[in-house]
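Below is the file start-v9.tsv, which contains TSV, C-alpha atoms.
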chain	number	residue	atom	x	y	z
D	1	MET	CA	-15.96	26.08	8.52
D	2	LYS	CA	-14.47	29.55	8.41
D	3	HIS	CA	-11.91	28.77	5.69
D	4	SER	CA	-12.02	26.03	3.11
D	5	LEU	CA	-10.26	24.71	0.05
D	6	SER	CA	-11.21	21.96	-2.42
D	7	LEU	CA	-8.62	19.95	-4.30
D	8	GLN	CA	-8.78	17.23	-6.96
D	9	ILE	CA	-5.87	14.81	-6.58
D	10	GLY	CA	-6.03	12.01	-9.12
D	11	PRO	CA	-9.44	10.35	-8.81
D	12	VAL	CA	-10.09	11.74	-5.32
D	13	ALA	CA	-11.74	15.06	-4.44
D	14	PHE	CA	-10.95	16.58	-1.04
D	15	ARG	CA	-12.46	19.45	0.86
D	16	ILE	CA	-10.27	20.85	3.60
D	17	GLY	CA	-11.84	23.17	6.13
D	18	SER	CA	-10.00	25.08	8.83
D	19	THR	CA	-10.67	27.40	11.74
D	20	TRP	CA	-7.48	29.28	10.83
D	21	ALA	CA	-6.51	30.86	7.52
D	22	ALA	CA	-2.78	30.12	7.73
D	23	PRO	CA	-2.75	26.33	7.10
D	24	LEU	CA	-5.07	26.73	4.11
D	25	ASP	CA	-3.07	29.61	2.65
D	26	ALA	CA	0.03	27.40	2.84
D	27	LEU	CA	-1.90	24.51	1.31
D	28	ALA	CA	-3.26	26.69	-1.52
D	29	ARG	CA	0.28	27.89	-2.36
D	30	LEU	CA	1.64	24.35	-2.30
D	31	TYR	CA	-1.18	23.02	-4.46
D	32	ALA	CA	-1.15	25.89	-6.98
D	33	GLY	CA	-2.21	24.55	-10.40
D	34	TYR	CA	-4.23	21.57	-9.13
D	35	PRO	CA	-7.72	21.28	-10.62
D	36	GLU	CA	-10.79	22.09	-8.57
D	37	PRO	CA	-13.20	19.19	-8.17
D	38	ASP	CA	-16.24	19.39	-10.45
D	39	ARG	CA	-18.36	17.25	-8.13
D	40	ILE	CA	-19.11	16.63	-4.47
D	41	CYS	CA	-15.92	15.84	-2.56
D	42	ASP	CA	-15.12	12.28	-1.53
D	43	PHE	CA	-13.48	13.22	1.73
D	44	THR	CA	-13.62	16.13	4.15
D	45	VAL	CA	-10.76	17.11	6.43
D	46	ARG	CA	-11.33	19.57	9.25
D	47	LEU	CA	-8.60	21.38	11.14
D	48	GLU	CA	-10.08	22.63	14.35
D	49	PRO	CA	-8.90	23.78	17.76
D	50	GLU	CA	-8.54	20.97	20.21
D	51	SER	CA	-10.91	22.89	22.48
D	52	PRO	CA	-12.56	26.31	21.85
D	53	TRP	CA	-10.09	28.42	23.85
D	54	ARG	CA	-7.10	26.70	22.22
D	55	ARG	CA	-7.88	28.70	19.11
D	56	TRP	CA	-6.13	31.64	20.73
D	57	VAL	CA	-3.91	30.34	23.52
D	58	ARG	CA	-0.98	28.25	22.22
D	59	PRO	CA	-3.18	27.13	19.35
D	60	SER	CA	-3.05	23.46	18.53
D	61	VAL	CA	-4.69	21.74	15.58
D	62	ALA	CA	-6.80	18.62	15.89
D	63	ILE	CA	-7.42	16.72	12.66
D	64	HIS	CA	-11.07	15.80	12.12
D	65	GLY	CA	-12.97	14.50	9.13
D	66	ASP	CA	-15.24	11.74	7.88
D	67	TYR	CA	-12.87	9.21	9.42
D	68	VAL	CA	-11.09	9.92	12.66
D	69	LEU	CA	-8.38	8.21	14.66
D	70	PRO	CA	-9.38	8.69	18.30
D	71	ASP	CA	-5.81	8.90	19.57
D	72	ALA	CA	-4.36	11.25	16.94
D	73	ALA	CA	-2.31	13.82	18.83
D	74	PRO	CA	-3.06	17.49	18.18
D	75	MET	CA	-0.32	19.42	16.41
D	76	SER	CA	1.09	22.89	16.78
D	77	LEU	CA	-0.47	25.49	14.49
D	78	ALA	CA	2.96	26.12	13.00
D	79	HIS	CA	2.63	22.60	11.56
D	80	GLY	CA	-0.90	23.21	10.26
D	81	LEU	CA	0.14	22.41	6.69
D	82	LEU	CA	1.40	19.04	7.86
D	83	ALA	CA	-1.86	18.51	9.75
D	84	ALA	CA	-3.81	19.12	6.50
D	85	GLU	CA	-1.58	16.64	4.64
D	86	MET	CA	-1.93	14.06	7.40
D	87	GLY	CA	-5.67	14.61	7.45
D	88	MET	CA	-5.88	13.86	3.72
D	89	ASN	CA	-3.77	10.73	4.19
D	90	LEU	CA	-5.94	9.60	7.05
D	91	GLN	CA	-9.18	9.96	5.09
D	92	MET	CA	-7.67	7.92	2.24
D	93	ALA	CA	-6.24	5.25	4.52
D	94	LEU	CA	-9.44	4.74	6.46
D	95	GLY	CA	-12.13	5.53	3.94
D	96	GLN	CA	-11.03	4.54	0.45
D	97	LYS	CA	-13.22	1.72	-0.92
D	98	HIS	CA	-12.83	1.99	-4.70
D	99	TYR	CA	-9.15	1.15	-4.88
D	100	LEU	CA	-6.75	-1.17	-3.15
D	101	LEU	CA	-4.53	1.30	-1.36
D	102	LEU	CA	-0.86	0.45	-1.26
D	103	HIS	CA	1.53	2.44	0.86
D	104	ALA	CA	3.88	2.83	-2.07
D	105	ALA	CA	5.31	5.38	-4.46
D	106	SER	CA	4.72	4.99	-8.18
D	107	VAL	CA	6.08	6.46	-11.41
D	108	GLU	CA	5.10	5.89	-15.02
D	109	LYS	CA	6.87	5.62	-18.35
D	110	GLY	CA	5.29	4.61	-21.68
D	111	GLY	CA	1.94	3.81	-20.03
D	112	ARG	CA	3.54	1.31	-17.64
D	113	ALA	CA	3.94	1.84	-13.92
D	114	LEU	CA	6.76	1.11	-11.52
D	115	ILE	CA	5.69	0.54	-7.91
D	116	LEU	CA	8.20	1.32	-5.14
D	117	THR	CA	7.27	0.07	-1.72
D	118	GLY	CA	9.04	-0.44	1.57
D	119	GLU	CA	9.13	0.66	5.16
D	120	SER	CA	9.33	4.30	6.20
D	121	GLY	CA	12.85	5.57	5.60
D	122	ALA	CA	13.48	3.11	2.74
D	123	GLY	CA	13.67	6.11	0.43
D	124	LYS	CA	10.71	5.45	-1.83
D	125	SER	CA	9.41	9.05	-1.69
D	126	THR	CA	12.79	10.54	-2.53
D	127	LEU	CA	13.44	8.02	-5.25
D	128	ALA	CA	10.02	8.57	-6.84
D	129	ALA	CA	10.44	12.35	-6.64
D	130	LEU	CA	13.85	12.10	-8.26
D	131	LEU	CA	12.62	9.79	-11.03
D	132	GLY	CA	9.77	12.29	-11.56
D	133	GLU	CA	12.41	14.92	-12.46
D	134	ARG	CA	14.42	12.55	-14.66
D	135	GLY	CA	12.16	11.38	-17.43
D	136	TRP	CA	9.41	9.57	-15.53
D	137	ARG	CA	5.94	10.78	-14.61
D	138	LEU	CA	5.42	10.91	-10.83
D	139	MET	CA	2.12	9.18	-10.02
D	140	GLY	CA	2.43	9.52	-6.25
D	141	ASP	CA	4.88	9.24	-3.39
D	142	GLU	CA	2.61	7.95	-0.63
D	143	PHE	CA	-0.29	5.90	-1.96
D	144	ALA	CA	-0.59	3.78	-5.09
D	145	LEU	CA	-4.24	3.18	-5.99
D	146	LEU	CA	-4.89	-0.17	-7.63
D	147	ASP	CA	-8.18	-0.16	-9.54
D	148	LEU	CA	-10.24	-3.15	-8.37
D	149	ASP	CA	-11.99	-3.44	-11.75
D	150	ASP	CA	-9.21	-3.25	-14.32
D	151	GLY	CA	-6.02	-3.80	-12.31
D	152	ARG	CA	-4.53	-0.50	-13.47
D	153	LEU	CA	-2.82	1.97	-11.20
D	154	ARG	CA	-4.38	5.42	-10.73
D	155	ALA	CA	-2.21	8.41	-10.02
D	156	PHE	CA	-2.49	10.21	-6.69
D	157	PRO	CA	0.12	12.96	-7.10
D	158	ARG	CA	-0.16	14.73	-3.77
D	159	ALA	CA	2.67	17.00	-2.72
D	160	VAL	CA	5.73	14.86	-2.00
D	161	SER	CA	6.58	14.77	1.68
D	162	LEU	CA	10.37	15.05	1.93
D	163	LYS	CA	11.96	14.24	5.24
D	164	ASN	CA	15.31	15.21	6.75
D	165	GLY	CA	18.18	14.36	4.33
D	166	ALA	CA	15.83	14.00	1.35
D	167	ILE	CA	15.03	17.72	1.52
D	168	ARG	CA	18.52	18.72	0.41
D	169	VAL	CA	18.61	16.05	-2.32
D	170	MET	CA	15.52	17.54	-3.95
D	171	GLU	CA	16.47	21.19	-3.29
D	172	ARG	CA	19.46	20.56	-5.57
D	173	GLU	CA	17.14	19.20	-8.27
D	174	VAL	CA	14.07	21.45	-8.27
D	175	ALA	CA	13.38	25.23	-8.34
D	176	ALA	CA	12.49	26.80	-4.97
D	177	GLU	CA	9.00	27.89	-6.08
D	178	ARG	CA	7.73	24.30	-6.01
D	179	PHE	CA	8.57	23.81	-2.32
D	180	GLY	CA	6.38	24.46	0.71
D	181	PRO	CA	7.82	25.93	3.91
D	182	ARG	CA	10.37	23.90	5.81
D	183	LEU	CA	8.73	22.46	8.94
D	184	ASP	CA	11.22	21.65	11.70
D	185	GLY	CA	10.56	19.72	14.89
D	186	THR	CA	7.59	17.72	13.60
D	187	PRO	CA	6.93	14.19	14.92
D	188	LYS	CA	8.86	12.93	11.86
D	189	GLY	CA	11.74	15.40	12.09
D	190	SER	CA	12.14	18.11	9.44
D	191	ILE	CA	9.64	18.01	6.59
D	192	ARG	CA	9.37	20.00	3.39
D	193	HIS	CA	6.67	19.41	0.80
D	194	LEU	CA	7.36	19.48	-2.92
D	195	ARG	CA	4.74	20.09	-5.61
D	196	PRO	CA	5.02	17.54	-8.42
D	197	ASN	CA	5.97	19.02	-11.79
D	198	PRO	CA	3.41	20.16	-14.42
D	199	ARG	CA	3.66	16.85	-16.30
D	200	ALA	CA	2.53	14.92	-13.20
D	201	LEU	CA	-0.42	17.29	-12.74
D	202	GLU	CA	-1.49	17.33	-16.40
D	203	ALA	CA	-1.55	13.54	-16.58
D	204	MET	CA	-3.09	12.87	-13.15
D	205	ALA	CA	-6.20	11.33	-14.71
D	206	GLU	CA	-4.20	8.86	-16.81
D	207	PRO	CA	-3.94	5.34	-15.34
D	208	ALA	CA	-1.00	3.01	-16.03
D	209	ARG	CA	-0.57	-0.75	-16.17
D	210	PRO	CA	1.69	-2.00	-13.32
D	211	ALA	CA	4.88	-3.47	-14.83
D	212	LEU	CA	7.47	-3.79	-12.03
D	213	ILE	CA	7.45	-3.85	-8.23
D	214	LEU	CA	10.62	-2.82	-6.40
D	215	PHE	CA	11.43	-2.88	-2.70
D	216	PRO	CA	14.15	-0.22	-2.35
D	217	ARG	CA	16.31	0.09	0.78
D	218	PHE	CA	18.55	3.10	1.29
D	219	GLY	CA	21.92	2.98	3.05
D	220	GLU	CA	23.35	-0.35	1.87
D	221	ALA	CA	25.84	-1.28	-0.83
D	222	THR	CA	24.22	-1.75	-4.25
D	223	ALA	CA	22.54	-5.15	-4.45
D	224	VAL	CA	19.53	-6.72	-6.14
D	225	ARG	CA	17.74	-9.78	-4.78
D	226	PRO	CA	14.81	-11.69	-6.19
D	227	VAL	CA	11.68	-11.75	-4.02
D	228	GLY	CA	9.32	-14.73	-4.28
D	229	GLN	CA	5.76	-14.00	-5.35
D	230	ALA	CA	4.25	-15.22	-2.07
D	231	GLU	CA	6.56	-12.87	-0.18
D	232	VAL	CA	5.68	-9.98	-2.49
D	233	PHE	CA	2.01	-10.74	-1.87
D	234	MET	CA	2.53	-10.83	1.89
D	235	ARG	CA	4.54	-7.60	1.92
D	236	LEU	CA	1.89	-5.84	-0.16
D	237	THR	CA	-0.93	-6.94	2.17
D	238	GLN	CA	1.11	-5.38	4.96
D	239	ALA	CA	1.67	-2.25	2.87
D	240	SER	CA	-2.05	-1.88	2.21
D	241	THR	CA	-4.28	0.10	4.54
D	242	ASN	CA	-7.55	-1.35	3.24
D	243	TYR	CA	-6.72	-4.89	2.02
D	244	VAL	CA	-8.66	-6.56	4.84
D	245	SER	CA	-11.75	-4.37	4.53
D	246	LEU	CA	-12.00	-4.96	0.76
D	247	GLY	CA	-12.36	-8.73	1.27
D	248	GLY	CA	-12.42	-10.90	-1.87
D	249	ALA	CA	-12.11	-7.91	-4.23
D	250	GLY	CA	-8.79	-6.96	-2.62
D	251	PHE	CA	-7.56	-10.54	-2.79
D	252	ASP	CA	-8.38	-10.77	-6.51
D	253	ALA	CA	-6.73	-7.46	-7.34
D	254	LEU	CA	-3.59	-8.19	-5.34
D	255	THR	CA	-3.05	-11.76	-6.55
D	256	LYS	CA	-3.44	-10.59	-10.16
D	257	LEU	CA	-0.96	-7.75	-9.59
D	258	VAL	CA	1.64	-10.06	-8.05
D	259	ASP	CA	1.16	-12.70	-10.72
D	260	ALA	CA	1.54	-10.19	-13.58
D	261	CYS	CA	4.47	-8.13	-12.28
D	262	PRO	CA	8.13	-9.06	-11.89
D	263	SER	CA	9.64	-7.82	-8.64
D	264	ALA	CA	12.96	-7.38	-6.85
D	265	ALA	CA	14.45	-5.96	-3.69
D	266	MET	CA	17.16	-3.37	-4.30
D	267	ASP	CA	19.68	-1.83	-1.89
D	268	TYR	CA	21.40	1.42	-2.76
D	269	PRO	CA	24.01	3.66	-1.13
D	270	ASP	CA	22.93	6.97	-2.71
D	271	THR	CA	20.18	8.34	-4.89
D	272	ASP	CA	22.20	8.52	-8.12
D	273	SER	CA	23.03	4.81	-7.96
D	274	ALA	CA	19.37	4.13	-7.17
D	275	VAL	CA	18.19	5.92	-10.32
D	276	GLU	CA	20.74	3.99	-12.39
D	277	LEU	CA	19.68	0.68	-10.82
D	278	VAL	CA	15.99	1.40	-11.40
D	279	GLU	CA	16.66	2.13	-15.09
D	280	THR	CA	18.58	-1.16	-15.46
D	281	LEU	CA	15.87	-3.23	-13.74
D	282	TRP	CA	13.18	-1.47	-15.79
D	283	GLU	CA	14.95	-2.37	-19.03
D	284	GLN	CA	15.28	-5.98	-17.90
D	285	ALA	CA	11.58	-6.14	-17.05
D	286	ALA	CA	10.50	-4.69	-20.41
Y	1	MET	CA	-5.36	-45.88	12.17
Y	2	THR	CA	-8.11	-43.68	13.54
Y	3	GLY	CA	-7.45	-40.19	14.83
Y	4	ALA	CA	-9.39	-37.00	15.06
Y	5	ARG	CA	-11.66	-36.46	12.08
Y	6	TYR	CA	-11.68	-33.14	10.27
Y	7	ILE	CA	-13.88	-31.32	7.78
Y	8	ALA	CA	-13.05	-28.43	5.44
Y	9	ASP	CA	-15.27	-25.71	4.06
Y	10	PRO	CA	-16.61	-26.38	0.55
Y	11	GLU	CA	-14.53	-25.27	-2.41
Y	12	GLU	CA	-16.57	-22.12	-3.09
Y	13	CYS	CA	-15.67	-20.80	0.38
Y	14	VAL	CA	-11.93	-20.78	-0.27
Y	15	GLN	CA	-10.33	-19.02	-3.21
Y	16	SER	CA	-6.86	-20.27	-3.97
Y	17	VAL	CA	-4.10	-18.79	-6.12
Y	18	ALA	CA	-0.73	-20.47	-6.64
Y	19	LEU	CA	2.25	-18.12	-6.34
Y	20	ASP	CA	5.75	-19.56	-6.72
Y	21	GLY	CA	4.91	-23.02	-5.39
Y	22	LEU	CA	3.01	-21.62	-2.43
Y	23	SER	CA	-0.73	-21.12	-2.28
Y	24	VAL	CA	-2.47	-17.95	-1.23
Y	25	LEU	CA	-5.93	-18.70	0.13
Y	26	PHE	CA	-8.79	-16.31	0.71
Y	27	HIS	CA	-11.20	-17.82	3.24
Y	28	ARG	CA	-14.52	-16.11	2.49
Y	29	PRO	CA	-16.39	-16.98	5.73
Y	30	SER	CA	-13.71	-15.31	7.88
Y	31	GLY	CA	-12.36	-12.80	5.33
Y	32	MET	CA	-8.86	-13.96	6.23
Y	33	THR	CA	-5.96	-14.55	3.84
Y	34	HIS	CA	-3.53	-17.42	4.40
Y	35	ILE	CA	-0.29	-18.36	2.71
Y	36	VAL	CA	0.25	-22.12	2.84
Y	37	ALA	CA	2.91	-24.53	1.58
Y	38	PRO	CA	2.42	-28.11	0.39
Y	39	PRO	CA	0.93	-30.39	1.60
Y	40	ALA	CA	-1.65	-28.01	3.14
Y	41	PRO	CA	-3.50	-27.27	-0.15
Y	42	GLN	CA	-3.53	-31.00	-0.96
Y	43	ILE	CA	-4.98	-31.81	2.49
Y	44	LEU	CA	-7.77	-29.29	1.92
Y	45	GLU	CA	-8.40	-30.80	-1.50
Y	46	ALA	CA	-8.65	-34.30	0.02
Y	47	LEU	CA	-10.99	-33.11	2.77
Y	48	ARG	CA	-13.43	-31.72	0.20
Y	49	MET	CA	-14.39	-35.35	-0.52
Y	50	GLY	CA	-15.83	-35.55	3.00
Y	51	PRO	CA	-14.76	-35.74	6.66
Y	52	ALA	CA	-11.61	-37.79	7.26
Y	53	ASP	CA	-8.80	-38.45	9.72
Y	54	ALA	CA	-5.11	-38.24	8.84
Y	55	GLY	CA	-4.97	-41.86	7.63
Y	56	GLU	CA	-7.93	-41.44	5.30
Y	57	ILE	CA	-6.56	-38.16	4.01
Y	58	LEU	CA	-3.27	-39.89	3.23
Y	59	ALA	CA	-5.13	-42.68	1.40
Y	60	ARG	CA	-6.98	-40.10	-0.71
Y	61	MET	CA	-3.77	-38.24	-1.43
Y	62	ARG	CA	-1.99	-41.48	-2.46
Y	63	ALA	CA	-4.56	-41.87	-5.22
Y	64	TRP	CA	-3.41	-38.53	-6.70
Y	65	TYR	CA	0.24	-38.22	-5.70
Y	66	ASP	CA	3.24	-40.49	-5.47
Y	67	LEU	CA	3.82	-40.44	-1.70
Y	68	GLU	CA	6.42	-42.61	-0.01
Y	69	GLY	CA	6.99	-43.76	3.57
Y	70	ASP	CA	4.83	-43.76	6.67
Y	71	GLU	CA	5.99	-40.44	8.09
Y	72	ALA	CA	3.51	-38.75	5.77
Y	73	ALA	CA	0.63	-39.52	8.16
Y	74	ASP	CA	2.45	-37.80	11.03
Y	75	ALA	CA	3.16	-34.81	8.84
Y	76	ILE	CA	-0.49	-34.63	7.82
Y	77	GLU	CA	-1.56	-34.85	11.46
Y	78	ALA	CA	0.72	-31.90	12.31
Y	79	ARG	CA	-0.50	-29.84	9.32
Y	80	LEU	CA	-4.14	-30.57	10.27
Y	81	GLU	CA	-3.55	-29.06	13.71
Y	82	GLU	CA	-2.07	-25.95	12.09
Y	83	LEU	CA	-4.94	-25.71	9.62
Y	84	GLU	CA	-7.40	-26.06	12.50
Y	85	ALA	CA	-5.67	-23.23	14.39
Y	86	ALA	CA	-5.91	-21.10	11.23
Y	87	GLY	CA	-9.64	-21.85	10.95
Y	88	LEU	CA	-9.32	-23.61	7.58
Y	89	VAL	CA	-10.41	-27.04	8.88
Y	90	SER	CA	-12.48	-28.01	11.89
Y	91	ARG	CA	-13.66	-31.09	13.75
Y	92	PRO	CA	-17.29	-31.99	13.04
Mind turning this structure into structure tokens?
Amino acid sequence: MKHSLSLQIGPVAFRIGSTWAAPLDALARLYAGYPEPDRICDFTVRLEPESPWRRWVRPSVAIHGDYVLPDAAPMSLAHGLLAAEMGMNLQMALGQKHYLLLHAASVEKGGRALILTGESGAGKSTLAALLGERGWRLMGDEFALLDLDDGRLRAFPRAVSLKNGAIRVMEREVAAERFGPRLDGTPKGSIRHLRPNPRALEAMAEPARPALILFPRFGEATAVRPVGQAEVFMRLTQASTNYVSLGGAGFDALTKLVDACPSAAMDYPDTDSAVELVETLWEQAA
Amino acid sequence: MTGARYIADPEECVQSVALDGLSVLFHRPSGMTHIVAPPAPQILEALRMGPADAGEILARMRAWYDLEGDEAADAIEARLEELEAAGLVSRP
């Protein structure tokens, strides 16, 4: 490919190739300070024109790689950074075999990990990003990687993908230099990426033992409800992109996780109450 | 009473973990995961002794559990149909 960039994110090494320089320049700025992989990359993402002439005329980016979704819609070149991010997500979601992949955010304190999972819009990315600025180590906002061998969580601190209202919440908290460009009019509304802080990057190779699973939900009055283990298990199978393909190994890892970790569903009206609630539940779980 | 007879896969084909009074089963031949409530795990346990109909399953279960009333056989019949639809038991 004409332009390329390699990135180590937690245990995963990516190579991103592109026909155009602009998406990779944006990606390189966003991922400043990330280590370069010292081995062959696990996954390749390619950003290419949808057809040869589309490189010049209203250019649109098709996401290709080792694993491809046949129906993935091409994106405008202005959203090339988002295309690169989505391409990395896609390779993980479809190709990761070493870890049980949970669509969840995770943060760490004292060697123990808090897993935040829930549907899109539940606020897990924002909450994890906020906790990452307030005394916790951000392990990842999108995927939690559960090690099939030892049951520990591995960090995958990609840039945090902030959407719509969450952008302003984090702009108040973090210096401008850690943000990518604001992307308006994407399929998910407005998006702005945030580079995790130096602590998250320095410790990206350090695993943590899962200690608490929370199901946050934004926009409701503060409330905490217990969630039965079988329901936690079921929700996590739904939150996993590779549970089925891992077979018995995934079943073992997930049942052990659910059995070992307390869990709760929490509703919150705003991010400050969410942080307070998380701290309280964390203390109770300790 | 004689009804349809069922068989279950041997124990090594189904991995079972109890979570909060429910059982999570991993069925190795199909790769599918099931969450089942009592008496489904007990029915599977009884069927591992060999093919049986609902009445025989109930008799086996009575040896292990304190079951009362005759409605239990109907309940077992209904659960067997669900387990068959899930692929966890079959008719020989």
I'd like to know which of Y:Glu71, Y:Asp53, Y:Asp20, Y:Asp66 is closest to chain D, using only C-alpha atoms.
Y:Asp20
Within 6 Å of chain Y: residues of chain D, using only C-alpha atoms, as an NGL selection string:
:D and (229-230 or 247)
Restricting the output to C-alpha atoms, write the selected residues as an mmCIF file, in the coordinates of the input.
data_model
loop_
_atom_site.group_PDB
_atom_site.id
_atom_site.type_symbol
_atom_site.label_atom_id
_atom_site.label_comp_id
_atom_site.auth_asym_id
_atom_site.auth_seq_id
_atom_site.Cartn_x
_atom_site.Cartn_y
_atom_site.Cartn_z
ATOM 1 C CA GLN D 229 5.760 -14.000 -5.350
ATOM 2 C CA ALA D 230 4.250 -15.220 -2.070
ATOM 3 C CA GLY D 247 -12.360 -8.730 1.270
#
Got a sec: who's within 8 Å of Thr241 (chain D), counting all atoms listed in the file, leaving out chain neighbours fewer than 4 positions off, as a ChimeraX atom specification?
/D:93-94,101-103
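For the point (8.0, 1.0, 1.3) in file coordinates, the residues within 8 Å, using all atoms listed in the file, are His103, Ala104, Ala105, Leu116, Thr117, Gly118, Glu119, Ser120, Gly121, Ala122, Gly123, Lys124, Phe215, Pro216 and Ala239 of chain D.
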Separation of CA of Ala286 (chain D) from CA of Gly110 (chain D) in Å
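Computed distance, CA of Gly110 (chain D) to CA of Ala286 (chain D), equals 10.7 Å.
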Could you pull the residues within 12 Å of Gly10 (chain D), counting all atoms listed in the file, minus those fewer than 4 positions along the same chain, as number ranges by chain?
D: 14, 34-37, 42, 138-140, 143-145, 153-159, 200-207
Mind pulling up the distance from CA of Ile7 (chain Y) to CA of Pro92 (chain Y)?
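CA of Ile7 (chain Y) lies at a distance of 6.3 Å from CA of Pro92 (chain Y).
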Could you please determine the separation between CA of Cys13 (chain Y) and CA of Pro262 (chain D) in Å, to one decimal place?
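According to the coordinates, CA of Cys13 (chain Y) and CA of Pro262 (chain D) are separated by 29.2 Å.
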Arg46 (chain D) environment, 10 Å, only C-alpha atoms, sequence neighbours closer than 2 positions dropped, as an mmCIF file with C-alpha atoms, keeping the file's coordinate frame:
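The resulting around_16.cif:
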data_model
loop_
_atom_site.group_PDB
_atom_site.id
_atom_site.type_symbol
_atom_site.label_atom_id
_atom_site.label_comp_id
_atom_site.auth_asym_id
_atom_site.auth_seq_id
_atom_site.Cartn_x
_atom_site.Cartn_y
_atom_site.Cartn_z
ATOM 1 C CA MET D 1 -15.960 26.080 8.520
ATOM 2 C CA HIS D 3 -11.910 28.770 5.690
ATOM 3 C CA SER D 4 -12.020 26.030 3.110
ATOM 4 C CA ARG D 15 -12.460 19.450 0.860
ATOM 5 C CA ILE D 16 -10.270 20.850 3.600
ATOM 6 C CA GLY D 17 -11.840 23.170 6.130
ATOM 7 C CA SER D 18 -10.000 25.080 8.830
ATOM 8 C CA THR D 19 -10.670 27.400 11.740
ATOM 9 C CA THR D 44 -13.620 16.130 4.150
ATOM 10 C CA GLU D 48 -10.080 22.630 14.350
ATOM 11 C CA PRO D 49 -8.900 23.780 17.760
ATOM 12 C CA VAL D 61 -4.690 21.740 15.580
ATOM 13 C CA ALA D 62 -6.800 18.620 15.890
ATOM 14 C CA ILE D 63 -7.420 16.720 12.660
ATOM 15 C CA HIS D 64 -11.070 15.800 12.120
ATOM 16 C CA GLY D 65 -12.970 14.500 9.130
ATOM 17 C CA ASP D 66 -15.240 11.740 7.880
ATOM 18 C CA ALA D 83 -1.860 18.510 9.750
ATOM 19 C CA ALA D 84 -3.810 19.120 6.500
ATOM 20 C CA GLY D 87 -5.670 14.610 7.450
ATOM 21 C CA MET D 88 -5.880 13.860 3.720
#
Pick from D:Ala13, D:Leu30, D:Val45, D:Leu100: nearest to Arg178 (chain D), with all atoms listed in the file counted?
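Result for the nearest residue to Arg178 (chain D): D:Leu30.
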